$ cat input-v7.cif   # mmCIF, C-alpha atoms
data_final
#
loop_
_atom_site.group_PDB
_atom_site.id
_atom_site.type_symbol
_atom_site.label_atom_id
_atom_site.label_comp_id
_atom_site.auth_asym_id
_atom_site.auth_seq_id
_atom_site.Cartn_x
_atom_site.Cartn_y
_atom_site.Cartn_z
ATOM 1 C CA MET L 1292 2.629 -13.954 -26.376
ATOM 2 C CA ALA L 1293 -0.993 -14.234 -27.488
ATOM 3 C CA GLY L 1294 -1.340 -16.376 -30.564
ATOM 4 C CA GLY L 1295 2.352 -17.118 -30.688
ATOM 5 C CA GLY L 1296 3.930 -20.564 -30.666
ATOM 6 C CA GLY L 1297 2.118 -23.888 -30.573
ATOM 7 C CA ALA L 1298 -1.308 -24.707 -31.964
ATOM 8 C CA GLY L 1299 -3.371 -23.056 -29.223
ATOM 9 C CA ARG L 1300 -4.526 -19.495 -28.704
ATOM 10 C CA LYS L 1301 -2.335 -18.299 -25.852
ATOM 11 C CA VAL L 1302 -2.740 -15.315 -23.550
ATOM 12 C CA ALA L 1303 -0.505 -13.999 -20.782
ATOM 13 C CA VAL L 1304 -2.350 -12.369 -17.888
ATOM 14 C CA ALA L 1305 -0.938 -10.280 -15.047
ATOM 15 C CA ALA L 1306 -1.846 -8.931 -11.617
ATOM 16 C CA VAL L 1307 -0.036 -5.982 -10.079
ATOM 17 C CA GLN L 1308 0.073 -5.328 -6.328
ATOM 18 C CA PHE L 1309 1.226 -2.193 -4.500
ATOM 19 C CA ALA L 1310 0.678 0.038 -1.482
ATOM 20 C CA CYS L 1311 -1.359 3.167 -2.171
ATOM 21 C CA THR L 1312 -0.646 6.653 -0.938
ATOM 22 C CA ASP L 1313 -3.546 9.100 -0.763
ATOM 23 C CA THR L 1314 -2.251 11.093 -3.734
ATOM 24 C CA ALA L 1315 -3.801 10.059 -7.037
ATOM 25 C CA SER L 1316 -0.898 11.148 -9.240
ATOM 26 C CA GLU L 1317 1.545 9.006 -7.244
ATOM 27 C CA ASN L 1318 -0.654 5.917 -7.432
ATOM 28 C CA ILE L 1319 -1.340 6.332 -11.131
ATOM 29 C CA ALA L 1320 2.407 6.627 -11.750
ATOM 30 C CA THR L 1321 3.023 3.475 -9.703
ATOM 31 C CA ALA L 1322 0.323 1.609 -11.606
ATOM 32 C CA GLU L 1323 1.839 2.663 -14.923
ATOM 33 C CA ARG L 1324 5.331 1.606 -13.848
ATOM 34 C CA LEU L 1325 4.082 -1.849 -12.821
ATOM 35 C CA ILE L 1326 1.974 -2.220 -15.954
ATOM 36 C CA ARG L 1327 5.092 -1.542 -18.018
ATOM 37 C CA GLU L 1328 6.951 -4.145 -15.979
ATOM 38 C CA ALA L 1329 4.157 -6.657 -16.629
ATOM 39 C CA HIS L 1330 4.315 -5.849 -20.347
ATOM 40 C CA ASN L 1331 8.075 -6.410 -20.322
ATOM 41 C CA LYS L 1332 7.387 -9.848 -18.832
ATOM 42 C CA GLY L 1333 5.087 -10.645 -21.744
ATOM 43 C CA ALA L 1334 1.650 -9.811 -20.316
ATOM 44 C CA ASN L 1335 -1.241 -9.156 -22.700
ATOM 45 C CA ILE L 1336 -3.887 -8.289 -20.068
ATOM 46 C CA VAL L 1337 -2.913 -6.475 -16.847
ATOM 47 C CA LEU L 1338 -5.143 -6.086 -13.786
ATOM 48 C CA ILE L 1339 -4.753 -3.196 -11.328
ATOM 49 C CA GLN L 1340 -6.236 -3.369 -7.828
ATOM 50 C CA GLU L 1341 -9.593 -1.850 -6.852
ATOM 51 C CA LEU L 1342 -9.876 1.954 -6.395
ATOM 52 C CA PHE L 1343 -6.115 2.309 -6.807
ATOM 53 C CA GLU L 1344 -6.123 6.120 -7.127
ATOM 54 C CA GLY L 1345 -6.055 6.616 -3.360
ATOM 55 C CA HIS L 1346 -6.566 5.154 0.079
ATOM 56 C CA TYR L 1347 -9.549 2.882 0.569
ATOM 57 C CA PHE L 1348 -11.788 5.663 1.851
ATOM 58 C CA CYS L 1349 -14.761 3.415 2.677
ATOM 59 C CA GLN L 1350 -13.439 2.934 6.201
ATOM 60 C CA ALA L 1351 -15.355 6.145 7.005
ATOM 61 C CA GLN L 1352 -18.683 7.741 6.156
ATOM 62 C CA ARG L 1353 -17.554 11.203 5.096
ATOM 63 C CA MET L 1354 -19.332 13.590 2.771
ATOM 64 C CA ASP L 1355 -16.070 15.103 1.519
ATOM 65 C CA PHE L 1356 -14.971 11.777 0.048
ATOM 66 C CA PHE L 1357 -17.670 12.068 -2.634
ATOM 67 C CA GLN L 1358 -15.374 14.687 -4.183
ATOM 68 C CA ARG L 1359 -13.091 11.824 -5.212
ATOM 69 C CA ALA L 1360 -15.658 10.573 -7.727
ATOM 70 C CA LYS L 1361 -15.265 11.470 -11.415
ATOM 71 C CA PRO L 1362 -17.506 10.940 -14.449
ATOM 72 C CA TYR L 1363 -16.864 7.980 -16.727
ATOM 73 C CA LYS L 1364 -16.511 10.051 -19.882
ATOM 74 C CA GLU L 1365 -13.400 12.213 -20.196
ATOM 75 C CA ASN L 1366 -12.060 10.621 -17.026
ATOM 76 C CA PRO L 1367 -8.364 11.595 -16.896
ATOM 77 C CA THR L 1368 -7.182 8.302 -15.381
ATOM 78 C CA ILE L 1369 -9.072 6.230 -17.930
ATOM 79 C CA MET L 1370 -7.765 8.406 -20.748
ATOM 80 C CA ARG L 1371 -4.193 7.976 -19.518
ATOM 81 C CA MET L 1372 -4.647 4.202 -19.375
ATOM 82 C CA GLN L 1373 -6.101 4.253 -22.905
ATOM 83 C CA LYS L 1374 -2.893 5.853 -24.170
ATOM 84 C CA LEU L 1375 -0.796 3.333 -22.247
ATOM 85 C CA ALA L 1376 -2.815 0.369 -23.508
ATOM 86 C CA LYS L 1377 -2.427 1.540 -27.112
ATOM 87 C CA GLU L 1378 1.301 2.174 -26.691
ATOM 88 C CA LEU L 1379 1.970 -1.269 -25.190
ATOM 89 C CA ASP L 1380 -0.701 -3.191 -27.162
ATOM 90 C CA ILE L 1381 -2.242 -4.555 -23.945
ATOM 91 C CA VAL L 1382 -5.667 -4.759 -22.292
ATOM 92 C CA ILE L 1383 -6.210 -2.880 -19.000
ATOM 93 C CA PRO L 1384 -9.336 -3.037 -16.795
ATOM 94 C CA VAL L 1385 -9.351 0.306 -14.928
ATOM 95 C CA SER L 1386 -11.058 0.605 -11.527
ATOM 96 C CA PHE L 1387 -12.426 4.025 -10.536
ATOM 97 C CA PHE L 1388 -14.969 5.856 -8.343
ATOM 98 C CA GLU L 1389 -17.672 6.959 -10.776
ATOM 99 C CA ALA L 1390 -19.960 9.976 -10.510
ATOM 100 C CA ALA L 1391 -23.052 9.602 -12.728
ATOM 101 C CA ASN L 1392 -25.415 12.537 -12.233
ATOM 102 C CA ASN L 1393 -26.855 11.933 -8.735
ATOM 103 C CA ALA L 1394 -25.583 8.340 -8.516
ATOM 104 C CA HIS L 1395 -22.149 6.993 -7.611
ATOM 105 C CA TYR L 1396 -20.673 3.633 -8.547
ATOM 106 C CA ASN L 1397 -17.632 1.458 -7.931
ATOM 107 C CA SER L 1398 -16.789 0.843 -11.574
ATOM 108 C CA VAL L 1399 -14.319 -0.656 -14.036
ATOM 109 C CA ALA L 1400 -13.693 0.528 -17.594
ATOM 110 C CA ILE L 1401 -12.325 -2.129 -19.950
ATOM 111 C CA ILE L 1402 -9.599 -0.751 -22.230
ATOM 112 C CA ASP L 1403 -8.660 -2.838 -25.269
ATOM 113 C CA ALA L 1404 -5.180 -3.144 -26.718
ATOM 114 C CA ASP L 1405 -5.760 -0.395 -29.292
ATOM 115 C CA GLY L 1406 -6.877 2.027 -26.583
ATOM 116 C CA THR L 1407 -10.581 1.589 -27.288
ATOM 117 C CA ASP L 1408 -12.901 1.791 -24.287
ATOM 118 C CA LEU L 1409 -15.016 -1.370 -24.588
ATOM 119 C CA GLY L 1410 -17.483 -0.383 -21.921
ATOM 120 C CA LEU L 1411 -18.252 -0.226 -18.243
ATOM 121 C CA TYR L 1412 -19.034 -2.645 -15.430
ATOM 122 C CA ARG L 1413 -20.496 -1.317 -12.172
ATOM 123 C CA LYS L 1414 -20.039 -3.344 -8.982
ATOM 124 C CA SER L 1415 -23.201 -5.291 -8.267
ATOM 125 C CA HIS L 1416 -22.744 -6.495 -4.683
ATOM 126 C CA ILE L 1417 -22.026 -3.672 -2.225
ATOM 127 C CA PRO L 1418 -20.688 -4.549 1.256
ATOM 128 C CA ASP L 1419 -21.579 -2.700 4.428
ATOM 129 C CA GLY L 1420 -19.584 -3.662 7.507
ATOM 130 C CA PRO L 1421 -16.999 -2.166 9.868
ATOM 131 C CA GLY L 1422 -14.168 -0.749 7.794
ATOM 132 C CA TYR L 1423 -15.919 -1.557 4.499
ATOM 133 C CA GLN L 1424 -18.870 0.866 4.493
ATOM 134 C CA GLU L 1425 -19.366 0.947 0.749
ATOM 135 C CA LYS L 1426 -23.160 1.338 0.788
ATOM 136 C CA PHE L 1427 -22.649 4.923 1.979
ATOM 137 C CA TYR L 1428 -20.846 5.754 -1.278
ATOM 138 C CA PHE L 1429 -21.911 3.368 -4.007
ATOM 139 C CA ASN L 1430 -25.241 2.654 -5.634
ATOM 140 C CA PRO L 1431 -25.764 -1.015 -6.564
ATOM 141 C CA GLY L 1432 -24.477 -1.524 -10.089
ATOM 142 C CA ASP L 1433 -27.029 -1.427 -12.901
ATOM 143 C CA THR L 1434 -24.966 -2.816 -15.783
ATOM 144 C CA GLY L 1435 -25.455 -6.489 -15.030
ATOM 145 C CA PHE L 1436 -22.608 -8.940 -15.421
ATOM 146 C CA LYS L 1437 -20.766 -8.740 -18.720
ATOM 147 C CA ALA L 1438 -18.225 -10.434 -20.939
ATOM 148 C CA PHE L 1439 -15.936 -8.160 -22.964
ATOM 149 C CA LYS L 1440 -14.352 -9.336 -26.208
ATOM 150 C CA THR L 1441 -10.802 -7.971 -26.207
ATOM 151 C CA LYS L 1442 -7.962 -8.503 -28.661
ATOM 152 C CA TYR L 1443 -6.555 -11.400 -26.677
ATOM 153 C CA ALA L 1444 -9.512 -13.031 -24.924
ATOM 154 C CA THR L 1445 -13.116 -12.558 -23.918
ATOM 155 C CA ILE L 1446 -12.937 -11.509 -20.272
ATOM 156 C CA GLY L 1447 -15.268 -11.033 -17.330
ATOM 157 C CA VAL L 1448 -14.551 -8.535 -14.559
ATOM 158 C CA GLY L 1449 -16.144 -8.550 -11.100
ATOM 159 C CA ILE L 1450 -15.135 -6.200 -8.305
ATOM 160 C CA CYS L 1451 -14.042 -7.316 -4.818
ATOM 161 C CA TRP L 1452 -17.256 -8.220 -2.916
ATOM 162 C CA ASP L 1453 -18.649 -9.656 -6.173
ATOM 163 C CA GLN L 1454 -16.137 -12.472 -5.801
ATOM 164 C CA TRP L 1455 -17.978 -13.987 -2.816
ATOM 165 C CA PHE L 1456 -20.965 -14.780 -5.064
ATOM 166 C CA PRO L 1457 -20.574 -17.784 -7.384
ATOM 167 C CA GLU L 1458 -23.418 -16.491 -9.539
ATOM 168 C CA THR L 1459 -21.201 -13.605 -10.660
ATOM 169 C CA ALA L 1460 -18.535 -15.873 -12.097
ATOM 170 C CA ARG L 1461 -21.017 -18.262 -13.698
ATOM 171 C CA ALA L 1462 -22.968 -15.415 -15.323
ATOM 172 C CA MET L 1463 -19.818 -14.021 -16.926
ATOM 173 C CA VAL L 1464 -18.636 -17.415 -18.169
ATOM 174 C CA LEU L 1465 -22.072 -18.212 -19.611
ATOM 175 C CA GLN L 1466 -21.689 -15.042 -21.684
ATOM 176 C CA GLY L 1467 -18.380 -16.289 -23.055
ATOM 177 C CA ALA L 1468 -15.763 -15.080 -20.576
ATOM 178 C CA GLU L 1469 -12.563 -17.114 -20.970
ATOM 179 C CA VAL L 1470 -10.675 -15.460 -18.082
ATOM 180 C CA LEU L 1471 -12.103 -13.860 -14.918
ATOM 181 C CA PHE L 1472 -10.608 -10.777 -13.241
ATOM 182 C CA TYR L 1473 -11.292 -9.423 -9.737
ATOM 183 C CA PRO L 1474 -9.722 -6.105 -8.642
ATOM 184 C CA THR L 1475 -9.911 -6.021 -4.846
ATOM 185 C CA ALA L 1476 -9.288 -4.041 -1.647
ATOM 186 C CA ILE L 1477 -9.383 -6.380 1.348
ATOM 187 C CA GLY L 1478 -7.423 -6.774 4.545
ATOM 188 C CA SER L 1479 -7.845 -6.798 8.309
ATOM 189 C CA GLU L 1480 -11.156 -6.263 10.079
ATOM 190 C CA PRO L 1481 -11.128 -3.172 12.345
ATOM 191 C CA GLN L 1482 -13.699 -4.709 14.704
ATOM 192 C CA ASP L 1483 -11.789 -8.004 15.114
ATOM 193 C CA THR L 1484 -8.007 -8.042 14.846
ATOM 194 C CA ASN L 1485 -7.996 -11.863 15.086
ATOM 195 C CA LEU L 1486 -10.042 -12.278 11.910
ATOM 196 C CA ASP L 1487 -7.916 -13.021 8.826
ATOM 197 C CA SER L 1488 -9.929 -13.865 5.719
ATOM 198 C CA ARG L 1489 -7.086 -14.223 3.229
ATOM 199 C CA GLU L 1490 -7.215 -18.025 2.849
ATOM 200 C CA HIS L 1491 -11.005 -18.016 2.627
ATOM 201 C CA TRP L 1492 -10.797 -15.201 0.074
ATOM 202 C CA LYS L 1493 -8.401 -17.173 -2.110
ATOM 203 C CA ARG L 1494 -10.266 -20.478 -1.832
ATOM 204 C CA VAL L 1495 -13.575 -18.941 -2.917
ATOM 205 C CA MET L 1496 -12.066 -17.572 -6.115
ATOM 206 C CA GLN L 1497 -10.129 -20.762 -6.730
ATOM 207 C CA GLY L 1498 -13.533 -22.440 -6.607
ATOM 208 C CA HIS L 1499 -14.879 -20.071 -9.263
ATOM 209 C CA ALA L 1500 -11.960 -20.952 -11.532
ATOM 210 C CA GLY L 1501 -12.394 -24.684 -10.963
ATOM 211 C CA ALA L 1502 -16.196 -24.700 -11.184
ATOM 212 C CA ASN L 1503 -16.146 -22.836 -14.492
ATOM 213 C CA LEU L 1504 -12.847 -24.192 -15.856
ATOM 214 C CA VAL L 1505 -11.366 -20.766 -16.581
ATOM 215 C CA PRO L 1506 -8.241 -18.978 -15.338
ATOM 216 C CA LEU L 1507 -8.806 -16.269 -12.741
ATOM 217 C CA VAL L 1508 -6.751 -13.197 -11.783
ATOM 218 C CA ALA L 1509 -7.115 -11.335 -8.468
ATOM 219 C CA SER L 1510 -5.279 -8.100 -7.611
ATOM 220 C CA ASN L 1511 -5.252 -6.742 -4.043
ATOM 221 C CA ARG L 1512 -3.406 -3.864 -2.395
ATOM 222 C CA ILE L 1513 -0.845 -4.010 0.405
ATOM 223 C CA GLY L 1514 0.123 -1.612 3.174
ATOM 224 C CA THR L 1515 -1.517 -0.105 6.247
ATOM 225 C CA GLU L 1516 -4.014 2.702 5.751
ATOM 226 C CA THR L 1517 -5.536 4.882 8.471
ATOM 227 C CA VAL L 1518 -8.600 6.994 7.718
ATOM 228 C CA GLU L 1519 -10.145 9.587 10.017
ATOM 229 C CA THR L 1520 -13.774 8.650 10.661
ATOM 230 C CA GLU L 1521 -16.643 10.249 12.521
ATOM 231 C CA HIS L 1522 -15.739 8.026 15.503
ATOM 232 C CA GLY L 1523 -11.956 8.413 15.436
ATOM 233 C CA ASN L 1524 -9.300 6.746 13.311
ATOM 234 C CA SER L 1525 -9.866 3.428 11.533
ATOM 235 C CA THR L 1526 -6.964 1.303 10.291
ATOM 236 C CA ILE L 1527 -6.836 -1.595 7.847
ATOM 237 C CA LYS L 1528 -3.743 -3.614 7.001
ATOM 238 C CA PHE L 1529 -4.285 -4.870 3.461
ATOM 239 C CA TYR L 1530 -2.986 -8.391 2.989
ATOM 240 C CA GLY L 1531 -2.081 -8.509 -0.683
ATOM 241 C CA ASN L 1532 -1.874 -12.165 -1.694
ATOM 242 C CA SER L 1533 -2.751 -11.256 -5.267
ATOM 243 C CA PHE L 1534 -2.805 -14.419 -7.330
ATOM 244 C CA ILE L 1535 -3.448 -16.122 -10.647
ATOM 245 C CA ALA L 1536 -5.353 -19.416 -10.649
ATOM 246 C CA GLY L 1537 -5.517 -21.972 -13.424
ATOM 247 C CA PRO L 1538 -8.691 -23.569 -14.794
ATOM 248 C CA THR L 1539 -8.864 -26.295 -12.156
ATOM 249 C CA GLY L 1540 -8.497 -23.743 -9.359
ATOM 250 C CA GLU L 1541 -4.800 -24.343 -8.807
ATOM 251 C CA ILE L 1542 -2.760 -21.278 -7.839
ATOM 252 C CA VAL L 1543 -0.009 -20.803 -10.416
ATOM 253 C CA LYS L 1544 1.289 -17.421 -9.189
ATOM 254 C CA LEU L 1545 0.954 -15.934 -5.689
ATOM 255 C CA ALA L 1546 2.179 -12.682 -4.141
ATOM 256 C CA ASN L 1547 2.952 -12.242 -0.460
ATOM 257 C CA ASP L 1548 1.297 -9.859 2.002
ATOM 258 C CA LYS L 1549 3.860 -7.066 2.094
ATOM 259 C CA ASP L 1550 5.773 -6.593 -1.167
ATOM 260 C CA GLU L 1551 5.048 -4.784 -4.388
ATOM 261 C CA GLU L 1552 4.778 -7.477 -7.037
ATOM 262 C CA VAL L 1553 3.958 -8.219 -10.665
ATOM 263 C CA LEU L 1554 2.578 -11.695 -11.395
ATOM 264 C CA VAL L 1555 2.386 -13.091 -14.933
ATOM 265 C CA ALA L 1556 1.106 -16.450 -16.195
ATOM 266 C CA GLU L 1557 0.332 -17.770 -19.659
ATOM 267 C CA PHE L 1558 -2.620 -19.973 -20.610
ATOM 268 C CA ASP L 1559 -3.664 -21.812 -23.762
ATOM 269 C CA LEU L 1560 -7.297 -20.791 -24.184
ATOM 270 C CA ASP L 1561 -8.061 -23.358 -26.877
ATOM 271 C CA GLU L 1562 -6.754 -26.165 -24.696
ATOM 272 C CA ILE L 1563 -8.798 -24.917 -21.762
ATOM 273 C CA LYS L 1564 -11.897 -24.614 -23.953
ATOM 274 C CA SER L 1565 -11.557 -28.255 -24.965
ATOM 275 C CA MET L 1566 -11.159 -29.219 -21.306
ATOM 276 C CA ARG L 1567 -14.228 -27.189 -20.340
ATOM 277 C CA HIS L 1568 -16.385 -28.780 -23.027
ATOM 278 C CA GLY L 1569 -15.126 -32.261 -22.308
ATOM 279 C CA TRP L 1570 -15.820 -31.916 -18.602
ATOM 280 C CA GLY L 1571 -19.520 -31.369 -19.319
ATOM 281 C CA ILE L 1572 -20.253 -28.782 -16.643
ATOM 282 C CA PHE L 1573 -22.265 -26.629 -19.029
ATOM 283 C CA ARG L 1574 -23.857 -29.548 -20.871
ATOM 284 C CA ASP L 1575 -25.170 -30.970 -17.604
ATOM 285 C CA ARG L 1576 -26.501 -27.750 -16.068
ATOM 286 C CA ARG L 1577 -30.150 -27.776 -14.903
ATOM 287 C CA PRO L 1578 -31.314 -24.142 -15.024
ATOM 288 C CA ASP L 1579 -34.899 -25.380 -14.791
ATOM 289 C CA LEU L 1580 -34.124 -26.322 -11.180
ATOM 290 C CA TYR L 1581 -32.369 -23.097 -10.227
ATOM 291 C CA LYS L 1582 -35.453 -20.934 -9.638
ATOM 292 C CA VAL L 1583 -34.796 -21.356 -5.925
ATOM 293 C CA LEU L 1584 -31.964 -18.856 -6.441
ATOM 294 C CA LEU L 1585 -34.618 -16.157 -6.853
ATOM 295 C CA THR L 1586 -35.889 -16.711 -3.304
ATOM 296 C CA LEU L 1587 -34.379 -15.529 -0.053
ATOM 297 C CA ASP L 1588 -34.888 -18.538 2.185
ATOM 298 C CA GLY L 1589 -34.931 -21.449 -0.252
ATOM 299 C CA GLU L 1590 -38.680 -22.009 0.062
ATOM 300 C CA LYS L 1591 -40.675 -22.556 -3.116
ATOM 301 C CA SER L 1592 -42.655 -19.511 -4.112
#
$ encode --input "input-v7.cif" --output "structure tokens"
Amino acid sequence: MAGGGGAGRKVAVAAVQFACTDTASENIATAERLIREAHNKGANIVLIQELFEGHYFCQAQRMDFFQRAKPYKENPTIMRMQKLAKELDIVIPVSFFEAANNAHYNSVAIIDADGTDLGLYRKSHIPDGPGYQEKFYFNPGDTGFKAFKTKYATIGVGICWDQWFPETARAMVLQGAEVLFYPTAIGSEPQDTNLDSREHWKRVMQGHAGANLVPLVASNRIGTETVETEHGNSTIKFYGNSFIAGPTGEIVKLANDKDEEVLVAEFDLDEIKSMRHGWGIFRDRRPDLYKVLLTLDGEKS
């Protein structure tokens, strides 16, 4: 669809959503099947959910789970997705648990439509709460926020907890990102079964889309996963609700909380660029006043 029909530069983006088993080969096969379905629906860029190769293991602090990490280079899942991207002429951001010498990262490799690996983003904001004990496994990312120029669009990719920070989205858009992508693993809270963050989660990202006047794609898993921890079993029910938002924050495609789904939406990037420039949000920025962002409590240094 990209570049076809009409005067604008068009791109079709997709989010896939599925329940993970704890067997990597099964999840990779599911991801490939859904990516092919998205391609058949016209998608040019397809987002898979966060850490899709297995269960969300961060419910527990277990030394054996470090064995799930693999190096970035010669990573078999990334290499398989490179072949798939080249075959289908699509872009695929690939989430994986990265081992880098003595460090470990929650990372995404950006695969272009010819199979080229455009580079790596490492998750910057690392959560640490009941059921989401990521600081045990992941070093804070050291890549900084990036924009990747792909065949179809310049894209920015944050990872899950990154999406709660508006600075992440703005930094990527300032570098030229035309579409934002957030692979995610989020669901119930083991310490409070009455807490349901799904609407908050969606509204925050809708705000990023609207504040920056760019489309946004979020992919989340579904299903119930139980992980054996040092204190007994921990269970999270992942609430899906993967979605695609337009440049004013409006949701144009939305999945439910229980079904495997493939969402696809098309956007005219040239039209959105004109809207973004006409709105003046980047013309009227005052970075000279934003030094307060470097402080913890808002007091002048």
$ resolve_selection --input "input-v7.cif" --expression "the PyMOL selection byres ((chain L and resi 1389) around 8)" --output "list in words"
Ala1360, Lys1361, Pro1362, Tyr1363, Phe1387, Phe1388, Ala1390, Ala1391, His1395, Tyr1396, Asn1397 and Ser1398 of chain L
$ closest_residue --input "input-v7.cif" --among "L:Leu1504, L:Met1496, L:Ile1572, L:Ile1513" --to "Asp1550 of chain L" --atoms "all atoms listed in the file"
L:Ile1513
$ closest_residue --input "input-v7.cif" --among "L:Gly1467, L:Ala1509, L:Met1566, L:Ala1329" --to "Val1543 of chain L" --atoms "all atoms listed in the file"
L:Ala1509
$ resolve_selection --input "input-v7.cif" --expression "the PyMOL selection byres ((chain L and resi 1347) around 9)" --output "list in words"
Cys1311, Asp1313, Glu1341, Leu1342, Phe1343, Gly1345, His1346, Phe1348, Cys1349, Gln1350, Tyr1423, Ala1476, Glu1516, Val1518 and Ile1527 of chain L
$ residues_around --input "input-v7.cif" --residues "Ile1563 of chain L" --least-positions-apart "4" --cutoff "10 Å" --atoms "all atoms listed in the file" --output "JSON, numbers by chain"
{"L": [1299, 1300, 1469, 1504, 1505, 1506, 1537, 1538, 1539, 1558, 1559, 1567, 1568, 1569]}
$ resolve_selection --input "input-v7.cif" --expression "the PyMOL selection byres ((chain L and resi 1308) around 9)" --output "list in words"
Ala1306, Val1307, Phe1309, Ala1310, Ala1322, Leu1325, Ile1339, Gln1340, Ser1510, Asn1511, Arg1512, Ile1513, Gly1531, Asn1532, Ser1533, Ala1546, Asp1550, Glu1551, Glu1552, Val1553 and Leu1554 of chain L
$ write_last_selection --input "input-v7.cif" --atoms "C-alpha atoms" --output "tab-separated table (two decimals), in the frame of the given file"
chain	number	residue	atom	x	y	z
L	1306	ALA	CA	-1.85	-8.93	-11.62
L	1307	VAL	CA	-0.04	-5.98	-10.08
L	1309	PHE	CA	1.23	-2.19	-4.50
L	1310	ALA	CA	0.68	0.04	-1.48
L	1322	ALA	CA	0.32	1.61	-11.61
L	1325	LEU	CA	4.08	-1.85	-12.82
L	1339	ILE	CA	-4.75	-3.20	-11.33
L	1340	GLN	CA	-6.24	-3.37	-7.83
L	1510	SER	CA	-5.28	-8.10	-7.61
L	1511	ASN	CA	-5.25	-6.74	-4.04
L	1512	ARG	CA	-3.41	-3.86	-2.40
L	1513	ILE	CA	-0.84	-4.01	0.40
L	1531	GLY	CA	-2.08	-8.51	-0.68
L	1532	ASN	CA	-1.87	-12.16	-1.69
L	1533	SER	CA	-2.75	-11.26	-5.27
L	1546	ALA	CA	2.18	-12.68	-4.14
L	1550	ASP	CA	5.77	-6.59	-1.17
L	1551	GLU	CA	5.05	-4.78	-4.39
L	1552	GLU	CA	4.78	-7.48	-7.04
L	1553	VAL	CA	3.96	-8.22	-10.66
L	1554	LEU	CA	2.58	-11.70	-11.40
$ atom_distance --input "input-v7.cif" --atom1 "atom CA of Thr1484 of chain L" --atom2 "atom CA of Lys1549 of chain L"
17.4 Å
$ closest_residue --input "input-v7.cif" --among "L:Thr1445, L:Thr1368, L:Glu1458, L:Ile1383" --to "Arg1327 of chain L" --atoms "all atoms listed in the file"
L:Ile1383
$ atom_distance --input "input-v7.cif" --atom1 "atom CA of Pro1431 of chain L" --atom2 "atom CA of Gln1497 of chain L"
25.2 Å
$ closest_residue --input "input-v7.cif" --among "L:His1330, L:Lys1442, L:Lys1544, L:Lys1564" --to "Leu1379 of chain L" --atoms "only C-alpha atoms"
L:His1330
$ closest_residue --input "input-v7.cif" --among "L:Glu1378, L:Glu1365, L:Glu1480, L:Asp1408" --to "Gln1424 of chain L" --atoms "all atoms listed in the file"
L:Glu1480
$ atom_distance --input "input-v7.cif" --atom1 "atom CA of Glu1323 of chain L" --atom2 "atom CA of Ser1386 of chain L"
13.5 Å
$ residues_near_point --input "input-v7.cif" --point "(2.5, -15.0, -18.7)" --cutoff "9 Å" --atoms "all atoms listed in the file" --output "list in words"
Met1292, Val1302, Ala1303, Val1304, Ala1305, Ala1329, Lys1332, Gly1333, Ala1334, Asn1335, Leu1554, Val1555, Ala1556, Glu1557 and Phe1558 of chain L
$ closest_residue --input "input-v7.cif" --among "L:Gln1454, L:Ser1525, L:Thr1586, L:Gln1466" --to "His1416 of chain L" --atoms "all atoms listed in the file"
L:Gln1454
